[in-house]
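Below: input-v6.txt (compact mmCIF, C-alpha atoms (C1' of nucleotides))
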```txt
# COMPACT_ATOMS: atom_id res chain seq x y z
CA MET A 431 123.42 92.25 96.80
CA PHE A 432 124.22 94.99 99.31
CA ASP A 433 126.83 96.66 97.12
CA LEU A 434 125.05 99.98 97.07
CA LEU A 435 124.88 100.02 100.86
CA PHE A 436 128.57 99.30 101.37
CA GLU A 437 129.51 101.86 98.75
CA HIS A 438 127.42 104.35 100.62
CA LEU A 439 129.07 103.44 103.92
CA ALA A 440 132.51 103.87 102.39
CA ARG A 441 131.62 107.38 101.30
CA PHE A 442 131.30 108.43 104.94
CA VAL A 443 133.51 106.14 107.05
CA ARG A 444 136.23 103.49 106.85
CA ILE A 445 135.04 100.08 107.93
CA SER A 446 137.29 97.07 108.59
CA GLU A 447 136.80 93.73 106.89
CA THR A 448 135.69 92.02 110.11
CA GLU A 449 133.21 94.78 110.85
CA ARG A 450 131.92 94.40 107.35
CA GLU A 451 131.34 90.71 107.97
CA ILE A 452 129.49 91.39 111.21
CA LEU A 453 127.19 93.85 109.50
CA LEU A 454 126.65 91.59 106.52
CA ALA A 455 125.55 88.78 108.84
CA LYS A 456 122.87 90.98 110.40
CA LEU A 457 121.49 92.67 107.32
CA ARG A 458 118.21 91.35 105.97
CA TYR A 459 117.19 91.56 102.36
CA LYS A 460 113.63 92.03 101.20
CA LYS A 461 111.78 92.47 97.96
CA VAL A 462 108.61 94.49 98.30
CA SER A 463 106.09 94.95 95.57
CA LYS A 464 104.26 98.12 94.68
CA LYS A 465 101.76 99.21 97.34
CA GLU A 466 103.15 96.79 99.92
CA PHE A 467 103.52 98.21 103.43
CA LEU A 468 106.65 98.18 105.57
CA LEU A 469 104.94 100.04 108.41
CA LYS A 470 101.35 100.95 109.13
CA GLN A 471 100.32 103.65 111.55
CA GLY A 472 99.76 102.20 115.00
CA GLN A 473 102.50 99.61 114.55
CA ILE A 474 105.94 99.89 116.06
CA CYS A 475 108.51 100.53 113.37
CA SER A 476 110.63 97.41 113.43
CA GLY A 477 113.28 98.25 110.88
CA ASN A 478 115.59 100.84 109.45
CA TYR A 479 115.29 100.46 105.70
CA PHE A 480 117.91 101.16 103.06
CA VAL A 481 116.57 101.36 99.52
CA LEU A 482 118.59 99.31 97.01
CA SER A 483 116.17 99.79 94.13
CA GLY A 484 112.71 101.19 93.60
CA CYS A 485 110.99 103.83 95.69
CA LEU A 486 109.27 104.08 99.07
CA ARG A 487 107.25 106.81 100.69
CA LEU A 488 106.53 107.80 104.28
CA TYR A 489 103.22 109.50 104.97
CA SER A 490 100.72 110.27 107.70
CA ILE A 491 96.97 110.12 107.48
CA THR A 492 95.16 113.31 108.42
CA GLU A 493 91.95 113.67 110.39
CA THR A 494 90.02 113.98 107.15
CA GLY A 495 91.49 110.73 105.88
CA THR A 496 93.82 112.14 103.22
CA GLU A 497 97.45 111.15 102.99
CA GLN A 498 100.24 113.63 103.67
CA ILE A 499 103.53 112.45 102.20
CA LEU A 500 106.54 113.66 104.15
CA GLN A 501 109.33 111.68 102.56
CA PHE A 502 110.30 109.71 99.50
CA ALA A 503 113.18 107.26 99.59
CA ILE A 504 115.03 106.26 96.44
CA PRO A 505 118.13 104.06 96.06
CA GLY A 506 120.86 105.19 98.45
CA TRP A 507 118.50 106.50 101.14
CA TRP A 508 117.61 105.17 104.56
CA ILE A 509 114.02 105.49 105.70
CA SER A 510 112.31 104.70 108.98
CA ASP A 511 110.22 106.27 111.69
CA TYR A 512 113.21 106.77 113.99
CA HIS A 513 111.06 107.99 116.85
CA SER A 514 109.07 104.78 116.87
CA PHE A 515 112.13 102.67 116.04
CA GLN A 516 114.26 104.11 118.84
CA ASN A 517 111.69 104.27 121.61
CA ASN A 518 109.65 101.19 120.81
CA ILE A 519 106.40 103.09 120.55
CA PRO A 520 103.59 102.97 117.98
CA SER A 521 104.16 105.04 114.89
CA THR A 522 101.84 107.68 113.47
CA TYR A 523 103.33 107.14 110.03
CA THR A 524 102.95 104.65 107.23
CA ILE A 525 105.74 103.43 104.96
CA GLN A 526 104.75 101.96 101.64
CA ALA A 527 106.40 100.96 98.37
CA VAL A 528 105.58 103.35 95.53
CA GLU A 529 107.17 100.93 93.07
CA ASP A 530 108.52 97.41 93.35
CA ALA A 531 111.60 97.79 95.48
CA GLU A 532 114.52 95.95 97.03
CA ILE A 533 115.64 96.95 100.48
CA ALA A 534 118.25 96.17 103.11
CA ILE A 535 116.98 96.06 106.68
CA ILE A 536 118.54 96.60 110.06
CA THR A 537 116.01 95.35 112.59
CA ARG A 538 115.30 97.00 115.89
CA SER A 539 116.56 93.99 117.77
CA ASP A 540 119.89 94.03 115.93
CA ALA A 541 120.46 97.76 115.96
CA ASP A 542 121.83 98.27 119.49
CA GLU A 543 124.18 95.34 119.16
CA LEU A 544 125.47 96.58 115.84
CA PHE A 545 126.18 100.05 117.19
CA GLN A 546 128.24 98.42 119.96
CA GLN A 547 130.09 95.96 117.78
CA ILE A 548 130.77 98.43 114.98
CA PRO A 549 131.51 101.78 116.65
CA VAL A 550 132.03 103.49 113.33
CA LEU A 551 128.36 102.96 112.56
CA ASN A 552 127.64 105.66 115.11
CA ASN A 553 129.75 107.98 113.08
CA TYR A 554 128.03 106.96 109.86
CA PHE A 555 124.52 107.44 111.16
CA ARG A 556 125.46 110.63 112.95
CA LEU A 557 126.45 112.09 109.61
CA LEU A 558 123.36 110.69 107.89
CA MET A 559 120.98 112.01 110.52
CA GLN A 560 122.70 115.38 110.32
CA ARG A 561 122.17 115.32 106.59
CA ALA A 562 118.54 114.30 106.92
CA TYR A 563 118.00 117.01 109.49
CA THR A 564 119.48 119.79 107.38
CA ALA A 565 117.49 118.57 104.38
CA ALA A 566 114.32 118.69 106.46
CA LEU A 567 115.14 122.25 107.55
CA ARG A 568 115.65 123.26 103.95
CA LYS A 569 112.35 121.79 102.93
CA MET A 570 110.64 123.52 105.83
CA GLU A 571 112.10 126.79 104.62
CA LEU A 572 110.84 126.03 101.11
CA LEU A 573 107.33 125.39 102.41
CA LEU A 574 107.36 128.59 104.43
CA VAL A 575 108.80 131.09 101.98
CA THR A 576 107.86 129.79 98.54
CA SER A 577 104.51 129.76 96.76
CA ALA A 578 103.02 126.43 95.77
CA GLU A 579 103.57 127.31 92.12
CA ASP A 580 107.27 128.07 92.61
CA ARG A 581 107.69 124.95 94.69
CA TYR A 582 106.32 122.83 91.88
CA PHE A 583 108.43 124.32 89.11
CA GLN A 584 111.54 124.17 91.25
CA PHE A 585 110.83 120.52 91.98
CA VAL A 586 110.27 119.66 88.33
CA LYS A 587 113.53 121.36 87.47
CA ASN A 588 115.49 119.49 90.15
CA TYR A 589 113.91 116.06 89.72
CA PRO A 590 112.46 115.87 86.19
CA ASP A 591 112.79 112.08 86.00
CA PHE A 592 111.13 111.58 89.36
CA VAL A 593 108.08 113.62 88.33
CA GLN A 594 107.58 111.25 85.40
CA ARG A 595 107.88 108.19 87.57
CA VAL A 596 105.41 108.63 90.40
CA PRO A 597 101.70 109.51 90.40
CA GLN A 598 101.07 113.24 90.25
CA TYR A 599 98.90 113.28 93.34
CA MET A 600 101.90 112.09 95.34
CA ILE A 601 104.01 114.96 94.08
CA ALA A 602 101.21 117.33 95.03
CA SER A 603 100.96 115.88 98.51
CA PHE A 604 104.71 115.99 99.02
CA LEU A 605 104.88 119.62 97.93
CA GLY A 606 101.93 120.60 100.07
CA PHE A 607 99.03 121.29 97.74
CA THR A 608 96.11 119.54 96.06
CA PRO A 609 96.15 117.37 92.92
CA GLU A 610 93.62 119.76 91.39
CA PHE A 611 95.97 122.68 91.79
CA LEU A 612 98.82 120.69 90.30
CA SER A 613 96.64 119.83 87.35
CA MET A 614 95.94 123.52 86.83
CA LEU A 615 99.66 124.28 86.85
CA ARG A 616 100.31 121.64 84.22
CA ALA A 617 97.57 123.04 82.02
CA LYS A 618 99.13 126.47 82.39
CA VAL A 619 102.52 125.21 81.20
CA LYS A 620 100.99 123.52 78.16
CA SER A 621 99.02 126.53 76.96
CA ALA A 622 101.92 128.94 77.58
CA GLY A 623 103.94 127.36 74.79
CA HIS A 624 106.07 124.33 75.48
CA SER A 625 109.05 126.23 76.88
CA MET B 1400 129.52 126.22 134.37
CA PHE B 1401 128.81 123.43 131.89
CA ASP B 1402 126.68 121.41 134.31
CA LEU B 1403 123.63 121.47 132.08
CA LEU B 1404 125.66 120.14 129.17
CA PHE B 1405 127.16 117.23 131.09
CA GLU B 1406 123.78 116.36 132.57
CA HIS B 1407 122.43 116.29 129.07
CA LEU B 1408 125.26 114.08 127.88
CA ALA B 1409 124.67 111.67 130.74
CA ARG B 1410 121.05 111.30 129.71
CA PHE B 1411 122.15 109.72 126.44
CA VAL B 1412 125.55 108.09 126.95
CA ARG B 1413 128.09 107.07 129.60
CA ILE B 1414 131.26 109.10 129.46
CA SER B 1415 134.46 108.29 131.36
CA GLU B 1416 136.17 110.78 133.65
CA THR B 1417 139.14 111.20 131.32
CA GLU B 1418 136.88 111.75 128.33
CA ARG B 1419 135.04 114.32 130.36
CA GLU B 1420 138.29 116.14 131.00
CA ILE B 1421 139.20 116.12 127.33
CA LEU B 1422 135.85 117.60 126.38
CA LEU B 1423 135.95 120.17 129.15
CA ALA B 1424 139.34 121.36 127.93
CA LYS B 1425 137.95 122.01 124.45
CA LEU B 1426 134.63 123.58 125.32
CA ARG B 1427 134.41 127.35 125.03
CA TYR B 1428 132.09 129.47 127.07
CA LYS B 1429 130.45 132.63 125.80
CA LYS B 1430 127.97 135.18 127.01
CA VAL B 1431 125.98 136.78 124.25
CA SER B 1432 123.67 139.70 124.71
CA LYS B 1433 120.27 140.17 123.15
CA LYS B 1434 120.42 140.72 119.38
CA GLU B 1435 124.07 139.65 119.17
CA PHE B 1436 124.91 137.39 116.22
CA LEU B 1437 126.64 134.02 116.35
CA LEU B 1438 126.39 133.54 112.59
CA LYS B 1439 125.42 135.81 109.74
CA GLN B 1440 124.38 134.58 106.34
CA GLY B 1441 127.36 134.35 104.03
CA GLN B 1442 129.72 133.38 106.84
CA ILE B 1443 130.90 129.86 107.52
CA CYS B 1444 129.32 128.52 110.67
CA SER B 1445 132.28 128.10 113.00
CA GLY B 1446 130.62 126.53 116.02
CA ASN B 1447 128.12 124.09 117.35
CA TYR B 1448 126.31 125.94 120.12
CA PHE B 1449 124.74 124.50 123.25
CA VAL B 1450 122.40 126.86 125.06
CA LEU B 1451 123.04 127.06 128.83
CA SER B 1452 120.66 129.93 129.45
CA GLY B 1453 118.62 132.37 127.39
CA CYS B 1454 117.34 131.83 123.88
CA LEU B 1455 118.68 131.83 120.33
CA ARG B 1456 117.00 131.70 116.96
CA LEU B 1457 118.04 130.51 113.53
CA TYR B 1458 116.48 132.21 110.54
CA SER B 1459 116.93 132.88 106.87
CA ILE B 1460 116.29 136.08 105.00
CA THR B 1461 113.89 135.83 102.08
CA GLU B 1462 114.15 137.55 98.72
CA THR B 1463 111.78 140.25 99.92
CA GLY B 1464 113.98 140.91 102.94
CA THR B 1465 111.76 139.42 105.64
CA GLU B 1466 113.07 136.97 108.21
CA GLN B 1467 111.89 133.38 108.27
CA ILE B 1468 112.59 131.76 111.64
CA LEU B 1469 113.19 128.03 111.39
CA GLN B 1470 114.41 127.18 114.84
CA PHE B 1471 114.50 128.43 118.40
CA ALA B 1472 117.04 127.08 120.88
CA ILE B 1473 116.44 127.19 124.61
CA PRO B 1474 118.56 125.74 127.44
CA GLY B 1475 119.42 122.12 126.75
CA TRP B 1476 119.43 122.46 122.96
CA TRP B 1477 122.24 122.46 120.44
CA ILE B 1478 122.00 124.80 117.49
CA SER B 1479 124.15 125.29 114.42
CA ASP B 1480 124.01 125.29 110.67
CA TYR B 1481 125.37 121.77 110.40
CA HIS B 1482 125.57 121.91 106.63
CA SER B 1483 127.88 124.90 106.77
CA PHE B 1484 129.68 123.61 109.86
CA GLN B 1485 130.39 120.19 108.39
CA ASN B 1486 131.35 121.16 104.87
CA ASN B 1487 133.07 124.45 105.52
CA ILE B 1488 130.83 126.39 103.21
CA PRO B 1489 129.03 129.73 103.63
CA SER B 1490 125.74 129.56 105.42
CA THR B 1491 122.41 130.86 104.18
CA TYR B 1492 121.20 131.19 107.75
CA THR B 1493 121.64 133.64 110.58
CA ILE B 1494 121.86 132.74 114.28
CA GLN B 1495 121.07 135.46 116.77
CA ALA B 1496 120.37 135.79 120.49
CA VAL B 1497 116.71 136.52 121.20
CA GLU B 1498 117.59 137.21 124.85
CA ASP B 1499 120.87 137.51 126.73
CA ALA B 1500 122.25 134.01 126.69
CA GLU B 1501 125.10 131.81 127.85
CA ILE B 1502 126.38 129.15 125.53
CA ALA B 1503 128.91 126.35 125.32
CA ILE B 1504 130.73 126.06 122.01
CA ILE B 1505 132.43 123.26 120.15
CA THR B 1506 134.41 124.91 117.38
CA ARG B 1507 134.75 123.51 113.91
CA SER B 1508 138.47 123.06 114.35
CA ASP B 1509 138.00 121.02 117.53
CA ALA B 1510 135.04 118.95 116.38
CA ASP B 1511 136.80 116.26 114.33
CA GLU B 1512 139.43 115.71 116.99
CA LEU B 1513 136.81 115.41 119.70
CA PHE B 1514 134.83 112.82 117.75
CA GLN B 1515 138.04 110.78 117.44
CA GLN B 1516 139.18 111.14 121.03
CA ILE B 1517 135.74 110.60 122.53
CA PRO B 1518 134.04 107.94 120.40
CA VAL B 1519 130.91 108.04 122.51
CA LEU B 1520 130.28 111.57 121.26
CA ASN B 1521 129.37 110.01 117.93
CA ASN B 1522 126.70 108.05 119.71
CA TYR B 1523 125.47 111.15 121.55
CA PHE B 1524 125.20 113.31 118.47
CA ARG B 1525 123.74 110.48 116.44
CA LEU B 1526 120.86 110.35 118.90
CA LEU B 1527 120.54 114.13 119.01
CA MET B 1528 120.51 114.49 115.24
CA GLN B 1529 117.93 111.72 115.03
CA ARG B 1530 115.82 113.61 117.53
CA ALA B 1531 116.23 116.89 115.69
CA TYR B 1532 115.33 115.19 112.44
CA THR B 1533 112.14 113.59 113.75
CA ALA B 1534 111.16 116.90 115.35
CA ALA B 1535 111.68 118.63 112.02
CA LEU B 1536 109.51 116.02 110.28
CA ARG B 1537 106.76 116.54 112.84
CA LYS B 1538 106.85 120.27 112.35
CA MET B 1539 106.75 119.81 108.59
CA GLU B 1540 103.65 117.68 109.03
CA LEU B 1541 102.12 120.39 111.21
CA LEU B 1542 102.79 123.03 108.56
CA LEU B 1543 101.29 120.86 105.85
CA VAL B 1544 98.13 119.56 107.46
CA THR B 1545 97.14 122.21 109.98
CA SER B 1546 95.62 125.66 109.44
CA ALA B 1547 97.54 128.69 110.67
CA GLU B 1548 94.89 129.22 113.33
CA ASP B 1549 95.16 125.69 114.69
CA ARG B 1550 98.94 125.88 114.60
CA TYR B 1551 98.88 128.96 116.77
CA PHE B 1552 96.49 127.64 119.41
CA GLN B 1553 98.31 124.35 119.58
CA PHE B 1554 101.59 126.20 120.07
CA VAL B 1555 100.17 128.42 122.81
CA LYS B 1556 98.87 125.33 124.57
CA ASN B 1557 102.20 123.51 124.36
CA TYR B 1558 104.50 126.44 125.15
CA PRO B 1559 102.46 129.06 127.07
CA ASP B 1560 105.53 130.48 128.86
CA PHE B 1561 107.50 130.79 125.64
CA VAL B 1562 104.74 132.79 123.95
CA GLN B 1563 104.99 135.34 126.76
CA ARG B 1564 108.73 135.60 126.51
CA VAL B 1565 109.53 136.34 122.89
CA PRO B 1566 108.18 139.01 120.52
CA GLN B 1567 104.95 138.00 118.84
CA TYR B 1568 106.25 138.58 115.35
CA MET B 1569 108.83 135.87 115.97
CA ILE B 1570 106.14 133.40 116.96
CA ALA B 1571 104.26 134.33 113.80
CA SER B 1572 107.31 133.79 111.64
CA PHE B 1573 108.16 130.48 113.27
CA LEU B 1574 104.60 129.23 112.76
CA GLY B 1575 104.50 130.39 109.18
CA PHE B 1576 102.13 133.36 109.06
CA THR B 1577 102.16 137.15 109.38
CA PRO B 1578 102.20 139.25 112.56
CA GLU B 1579 98.96 140.87 111.39
CA PHE B 1580 97.21 137.53 111.23
CA LEU B 1581 98.49 136.61 114.67
CA SER B 1582 97.19 139.88 116.02
CA MET B 1583 93.78 139.08 114.59
CA LEU B 1584 93.80 135.68 116.30
CA ARG B 1585 94.62 137.27 119.64
CA ALA B 1586 91.79 139.75 119.21
CA LYS B 1587 89.46 136.87 118.46
CA VAL B 1588 90.39 135.09 121.70
CA LYS B 1589 89.82 138.20 123.76
CA SER B 1590 86.37 138.96 122.41
CA ALA B 1591 85.25 135.32 122.55
CA GLY B 1592 85.30 135.34 126.36
CA HIS B 1593 88.54 134.66 128.15
CA SER B 1594 88.33 130.89 128.06
C1' DC C 289 110.58 162.33 127.32
C1' DG C 290 111.53 161.38 122.21
C1' DG C 291 112.22 157.90 118.94
C1' DT C 292 112.27 153.33 117.41
C1' DC C 293 110.51 148.95 117.62
C1' DT C 294 106.34 146.20 118.22
C1' DC C 295 101.50 145.33 118.06
C1' DT C 296 96.82 146.33 116.36
C1' DT C 297 92.93 147.32 113.07
C1' DG C 298 90.56 147.19 108.85
C1' DA C 299 89.78 147.11 103.79
C1' DC C 300 90.87 144.65 99.87
C1' DG C 301 92.83 141.10 96.98
C1' DG C 302 94.49 136.73 95.52
C1' DA C 303 96.54 132.12 95.86
C1' DG C 304 95.02 127.89 96.63
C1' DT C 305 90.93 124.72 98.39
C1' DT C 306 86.68 122.30 97.94
C1' DC C 307 83.24 119.96 95.58
C1' DA C 308 81.35 117.67 91.76
C1' DA C 309 81.54 115.55 87.46
C1' DA C 310 83.58 113.85 83.49
C1' DG C 311 87.59 112.02 80.88
C1' DC C 312 91.45 109.22 80.75
C1' DT C 313 94.78 105.25 81.58
C1' DA C 314 96.52 101.13 83.02
C1' DG C 315 96.12 96.92 85.06
C1' DT C 316 93.47 92.55 85.39
C1' DG C 317 90.82 88.71 84.53
C1' DG C 318 88.12 86.26 81.35
C1' DC D 883 93.99 90.14 73.48
C1' DC D 884 90.13 92.59 74.40
C1' DA D 885 86.84 94.67 77.71
C1' DC D 886 86.01 96.35 82.11
C1' DT D 887 86.91 98.58 86.09
C1' DA D 888 89.30 101.12 89.52
C1' DG D 889 92.30 104.59 90.14
C1' DC D 890 94.24 108.76 88.44
C1' DT D 891 93.90 113.30 86.19
C1' DT D 892 91.45 117.20 84.44
C1' DT D 893 88.06 121.16 84.44
C1' DG D 894 85.51 124.76 86.27
C1' DA D 895 82.82 127.44 89.60
C1' DA D 896 82.29 129.03 94.19
C1' DC D 897 84.50 130.04 98.24
C1' DT D 898 87.87 131.05 102.15
C1' DC D 899 91.80 131.65 104.55
C1' DC D 900 95.34 134.42 104.97
C1' DG D 901 98.54 138.07 102.89
C1' DT D 902 99.32 142.89 101.68
C1' DC D 903 99.16 147.58 102.48
C1' DA D 904 98.59 151.53 105.19
C1' DA D 905 97.90 154.01 109.26
C1' DG D 906 97.66 154.46 114.01
C1' DA D 907 98.40 153.11 118.95
C1' DG D 908 101.40 151.27 122.50
C1' DA D 909 105.56 150.08 124.68
C1' DC D 910 110.15 150.04 125.73
C1' DC D 911 114.90 152.00 125.94
C1' DG D 912 118.34 155.37 125.96
```
Would you put the structure from the file into structure tokens?
Amino acid sequence: MFDLLFEHLARFVRISETEREILLAKLRYKKVSKKEFLLKQGQICSGNYFVLSGCLRLYSITETGTEQILQFAIPGWWISDYHSFQNNIPSTYTIQAVEDAEIAIITRSDADELFQQIPVLNNYFRLLMQRAYTAALRKMELLLVTSAEDRYFQFVKNYPDFVQRVPQYMIASFLGFTPEFLSMLRAKVKSAGHS
Amino acid sequence: MFDLLFEHLARFVRISETEREILLAKLRYKKVSKKEFLLKQGQICSGNYFVLSGCLRLYSITETGTEQILQFAIPGWWISDYHSFQNNIPSTYTIQAVEDAEIAIITRSDADELFQQIPVLNNYFRLLMQRAYTAALRKMELLLVTSAEDRYFQFVKNYPDFVQRVPQYMIASFLGFTPEFLSMLRAKVKSAGHS
DNA sequence: CGGTCTCTTGACGGAGTTCAAAGCTAGTGG
DNA sequence: CCACTAGCTTTGAACTCCGTCAAGAGACCG
């Protein structure tokens, strides 16, 4: 059930059989269906979620009531509001299933204990957070130096399957422009010969 | 000399006296003067830098040759290109002193050993990377949902001293707009009565 | 002082937004 | 299995925020 998670772990650190058992005993499994929420803004984020299948998104709601997607999570990715999770404070973010999904959960109440009992988890999450951080920096750079048009075409090139799978307005939000503008770009591609 | 660093460590984890000695023996100290480089794009990032005094910046150079600042580091902050540092690959970023600065360095060659000898360092950097990641997400949100004007005034409100200290064009770059636009904003404030 | 780096000003242009309305698609219940 | 509805996408026109370019004024350092 948690195969993908343990594979992922093994890619970063070596974990003993007993440690593996300890972790396995604490992990929760959950099926979530499309549009179901794992966290709503104002709540304290109670879990660190590892996607086994399906797709989640993390977004905030702006003053004007529109959603701003900051993060997608597909199989092999952890997602959480770590600020809320770590400090036990209400989150400003919402986490929702984009598609039916299966997830593994480490709960807030288990987390500290696990990090003590399985020291190598610190190593694992240090590397993951480092990775997430550098990815966030890269995206920030993309937002700052690239035009919306370039951002879109680059994204389509890098994740063609993903673009097919999720609603277009979510792609637009994630890339930092409006659905209308995205629609215009798509029209442009069509008319300019299907290259 | 490294007081600030050990204070910082103590805020996140408990470290034994012997561990402290081990770390102390590996830490390097360096004075860098204004405009000096710690990393240039194309080089492999050879250190993880902790700012003891002064100020550094991390930026990339765009296709048109302009600088895009992604990060400032002031006393109490670590800075590095972790992607380059971790994987031993050339960096796309540049790290430079904005002012004369003093820094503590963990070199790439020492890093792995230190994480083995001082397990609690994994814990420390896990928490730091988590913090850096959530900060990056927040800034991304700011870039995506806030107008350049709002971004500037919010920044001035939050870091009034910092705005005085560094060149305006760096603030502009960090916040994602042009020096000319920033200049216009400042003019606007002046004329609108010094509130 | 002299030169380079930084900041300012203003005119113009364009990438992307906003608003409104209509067309489409997919899920749902009868 | 069809019809209906809600949610998603498209279109187009008007608008605006901010970038670009160019030139000049300060400011700081050797």
**Message:** Taking all atoms listed in the file into account, find every residue of chain C that has an atom no more than 10 Å from chain A, and write it out as a list in words.
**Reply:** DA303, DG304, DT305 and DT306 of chain C
**Prompt:** Hey, which of A:Glu437, A:Glu529, A:Asp580, A:Glu571 ends up closest to Leu612 (chain A)? Count only C-alpha atoms.
**Reply:**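 Under the stated criterion, the closest residue is A:Asp580.
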**Message:** Should the cut-off be 12 Å, what would the residue list for chain D against chain A look like, counting only C-alpha atoms (C1' of nucleotides), as a list in words?
**Reply:**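 Output check: DG889, DC890, DT891, DT892, DT893, DG894 and DG901 of chain D.
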Tell me, counting all atoms listed in the file, for each residue of chain A within 10 Å of chain B, which pair of atoms is nearest and how far apart they are in Å to one decimal, in rows ordered by chain and increasing number, as a tab-separated table.
```
residue	atom	partner	partner_atom	distance
A:Tyr489	CA	B:Glu1540	CA	9.1
A:Ser490	CA	B:Glu1540	CA	8.1
A:Ile491	CA	B:Val1544	CA	9.5
A:Thr492	CA	B:Val1544	CA	7.0
A:Glu493	CA	B:Val1544	CA	9.0
A:Thr494	CA	B:Val1544	CA	9.8
A:Thr496	CA	B:Val1544	CA	9.6
A:Glu497	CA	B:Val1544	CA	9.5
A:Gln498	CA	B:Val1544	CA	7.3
A:Ile499	CA	B:Glu1540	CA	8.6
A:Leu500	CA	B:Glu1540	CA	7.0
A:Gln501	CA	B:Leu1536	CA	8.9
A:Asp511	CA	B:Thr1533	CA	7.8
A:Tyr512	CA	B:Thr1533	CA	6.9
A:His513	CA	B:Thr1533	CA	6.5
A:Ser514	CA	B:Thr1533	CA	9.8
A:Gln516	CA	B:Leu1526	CA	9.1
A:Phe545	CA	B:Asn1522	CA	8.4
A:Gln546	CA	B:Asn1522	CA	9.8
A:Pro549	CA	B:Pro1518	CA	7.6
A:Val550	CA	B:Asn1521	CA	8.4
A:Leu551	CA	B:Asn1521	CA	8.9
A:Asn552	CA	B:Asn1522	CA	5.3
A:Asn553	CA	B:Asn1521	CA	5.3
A:Tyr554	CA	B:Arg1525	CA	8.6
A:Phe555	CA	B:Arg1525	CA	6.1
A:Arg556	CA	B:Arg1525	CA	3.9
A:Leu557	CA	B:Arg1525	CA	7.5
A:Leu558	CA	B:Arg1525	CA	8.6
A:Met559	CA	B:Met1528	CA	5.4
A:Gln560	CA	B:Met1528	CA	5.5
A:Arg561	CA	B:His1482	CA	7.4
A:Ala562	CA	B:Tyr1532	CA	6.4
A:Tyr563	CA	B:Tyr1532	CA	4.4
A:Thr564	CA	B:His1482	CA	6.5
A:Ala565	CA	B:Tyr1532	CA	9.0
A:Ala566	CA	B:Ala1535	CA	6.2
A:Leu567	CA	B:Ala1535	CA	6.7
A:Arg568	CA	B:Leu1469	CA	9.2
A:Lys569	CA	B:Met1539	CA	8.2
A:Met570	CA	B:Met1539	CA	6.0
A:Glu571	CA	B:Leu1469	CA	7.0
A:Leu573	CA	B:Leu1542	CA	8.0
A:Leu574	CA	B:Gly1575	CA	5.8
A:Val575	CA	B:Thr1461	CA	7.0
A:Thr576	CA	B:Thr1461	CA	9.2
A:Ser603	CA	B:Leu1543	CA	8.9
A:Phe604	CA	B:Leu1543	CA	9.1
A:Leu605	CA	B:Leu1543	CA	8.8
A:Gly606	CA	B:Leu1543	CA	5.8
A:Phe607	CA	B:Leu1543	CA	8.4
```
**Item:** Residue neighbourhood Lys464 (chain A), 6 Å, all atoms listed in the file, exclusion window fewer than 2 positions, as number ranges by chain
**Value:** A: 466, 527-530
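Between CA of Glu449 (chain A) and CA of Leu544 (chain A) the interatomic distance comes to 9.4 Å.
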**Asked** If you measure from C1' of DC911 (chain D) to C1' of DT294 (chain C), what distance in Å do you get, rounded to one decimal?
**Response**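 A separation of 12.9 Å between them.
In this structure, CA of Leu488 (chain A) sits 16.0 Å away from CA of Glu532 (chain A).
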**Request:** Please identify all polymer residues within 9 Å of region 905-909 of chain D, counting only C-alpha atoms (C1' of nucleotides), omitting same-chain residues fewer than 2 positions from it, and present them as number ranges by chain.
**Result:** C: 293-297
**Item:** For Gly1446 (chain B), the nearest of the candidates B:Tyr1558, B:Trp1477, B:Phe1405, B:Tyr1551, counting only C-alpha atoms
**Value:**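 Selected residue with least distance to Gly1446 (chain B): B:Trp1477.
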Considering only C-alpha atoms (C1' of nucleotides), return as a tab-separated table (two decimals) with C-alpha atoms, in the coordinates of the input whatever protein or nucleic-acid residues lie within 12 Å of Ile1504 (chain B), sequence-local ones (same chain, fewer than 2 positions apart) excluded.
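Below you can see around35.tsv, which holds the result:
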```tsv
chain	number	residue	atom	x	y	z
B	1401	PHE	CA	128.81	123.43	131.89
B	1404	LEU	CA	125.66	120.14	129.17
B	1422	LEU	CA	135.85	117.60	126.38
B	1423	LEU	CA	135.95	120.17	129.15
B	1424	ALA	CA	139.34	121.36	127.93
B	1425	LYS	CA	137.95	122.01	124.45
B	1426	LEU	CA	134.63	123.58	125.32
B	1427	ARG	CA	134.41	127.35	125.03
B	1428	TYR	CA	132.09	129.47	127.07
B	1429	LYS	CA	130.45	132.63	125.80
B	1430	LYS	CA	127.97	135.18	127.01
B	1431	VAL	CA	125.98	136.78	124.25
B	1437	LEU	CA	126.64	134.02	116.35
B	1444	CYS	CA	129.32	128.52	110.67
B	1445	SER	CA	132.28	128.10	113.00
B	1446	GLY	CA	130.62	126.53	116.02
B	1447	ASN	CA	128.12	124.09	117.35
B	1448	TYR	CA	126.31	125.94	120.12
B	1449	PHE	CA	124.74	124.50	123.25
B	1450	VAL	CA	122.40	126.86	125.06
B	1451	LEU	CA	123.04	127.06	128.83
B	1476	TRP	CA	119.43	122.46	122.96
B	1477	TRP	CA	122.24	122.46	120.44
B	1478	ILE	CA	122.00	124.80	117.49
B	1479	SER	CA	124.15	125.29	114.42
B	1501	GLU	CA	125.10	131.81	127.85
B	1502	ILE	CA	126.38	129.15	125.53
B	1506	THR	CA	134.41	124.91	117.38
B	1507	ARG	CA	134.75	123.51	113.91
B	1508	SER	CA	138.47	123.06	114.35
B	1509	ASP	CA	138.00	121.02	117.53
B	1510	ALA	CA	135.04	118.95	116.38
```
Centre, x/y/z edge lengths, axis-aligned box for region 311-316 of chain C with 6 Å per side, as AutoDock Vina command-line options:
```
--center_x 92.1 --center_y 102.3 --center_z 83.1 --size_x 20.9 --size_y 31.5 --size_z 16.6
```
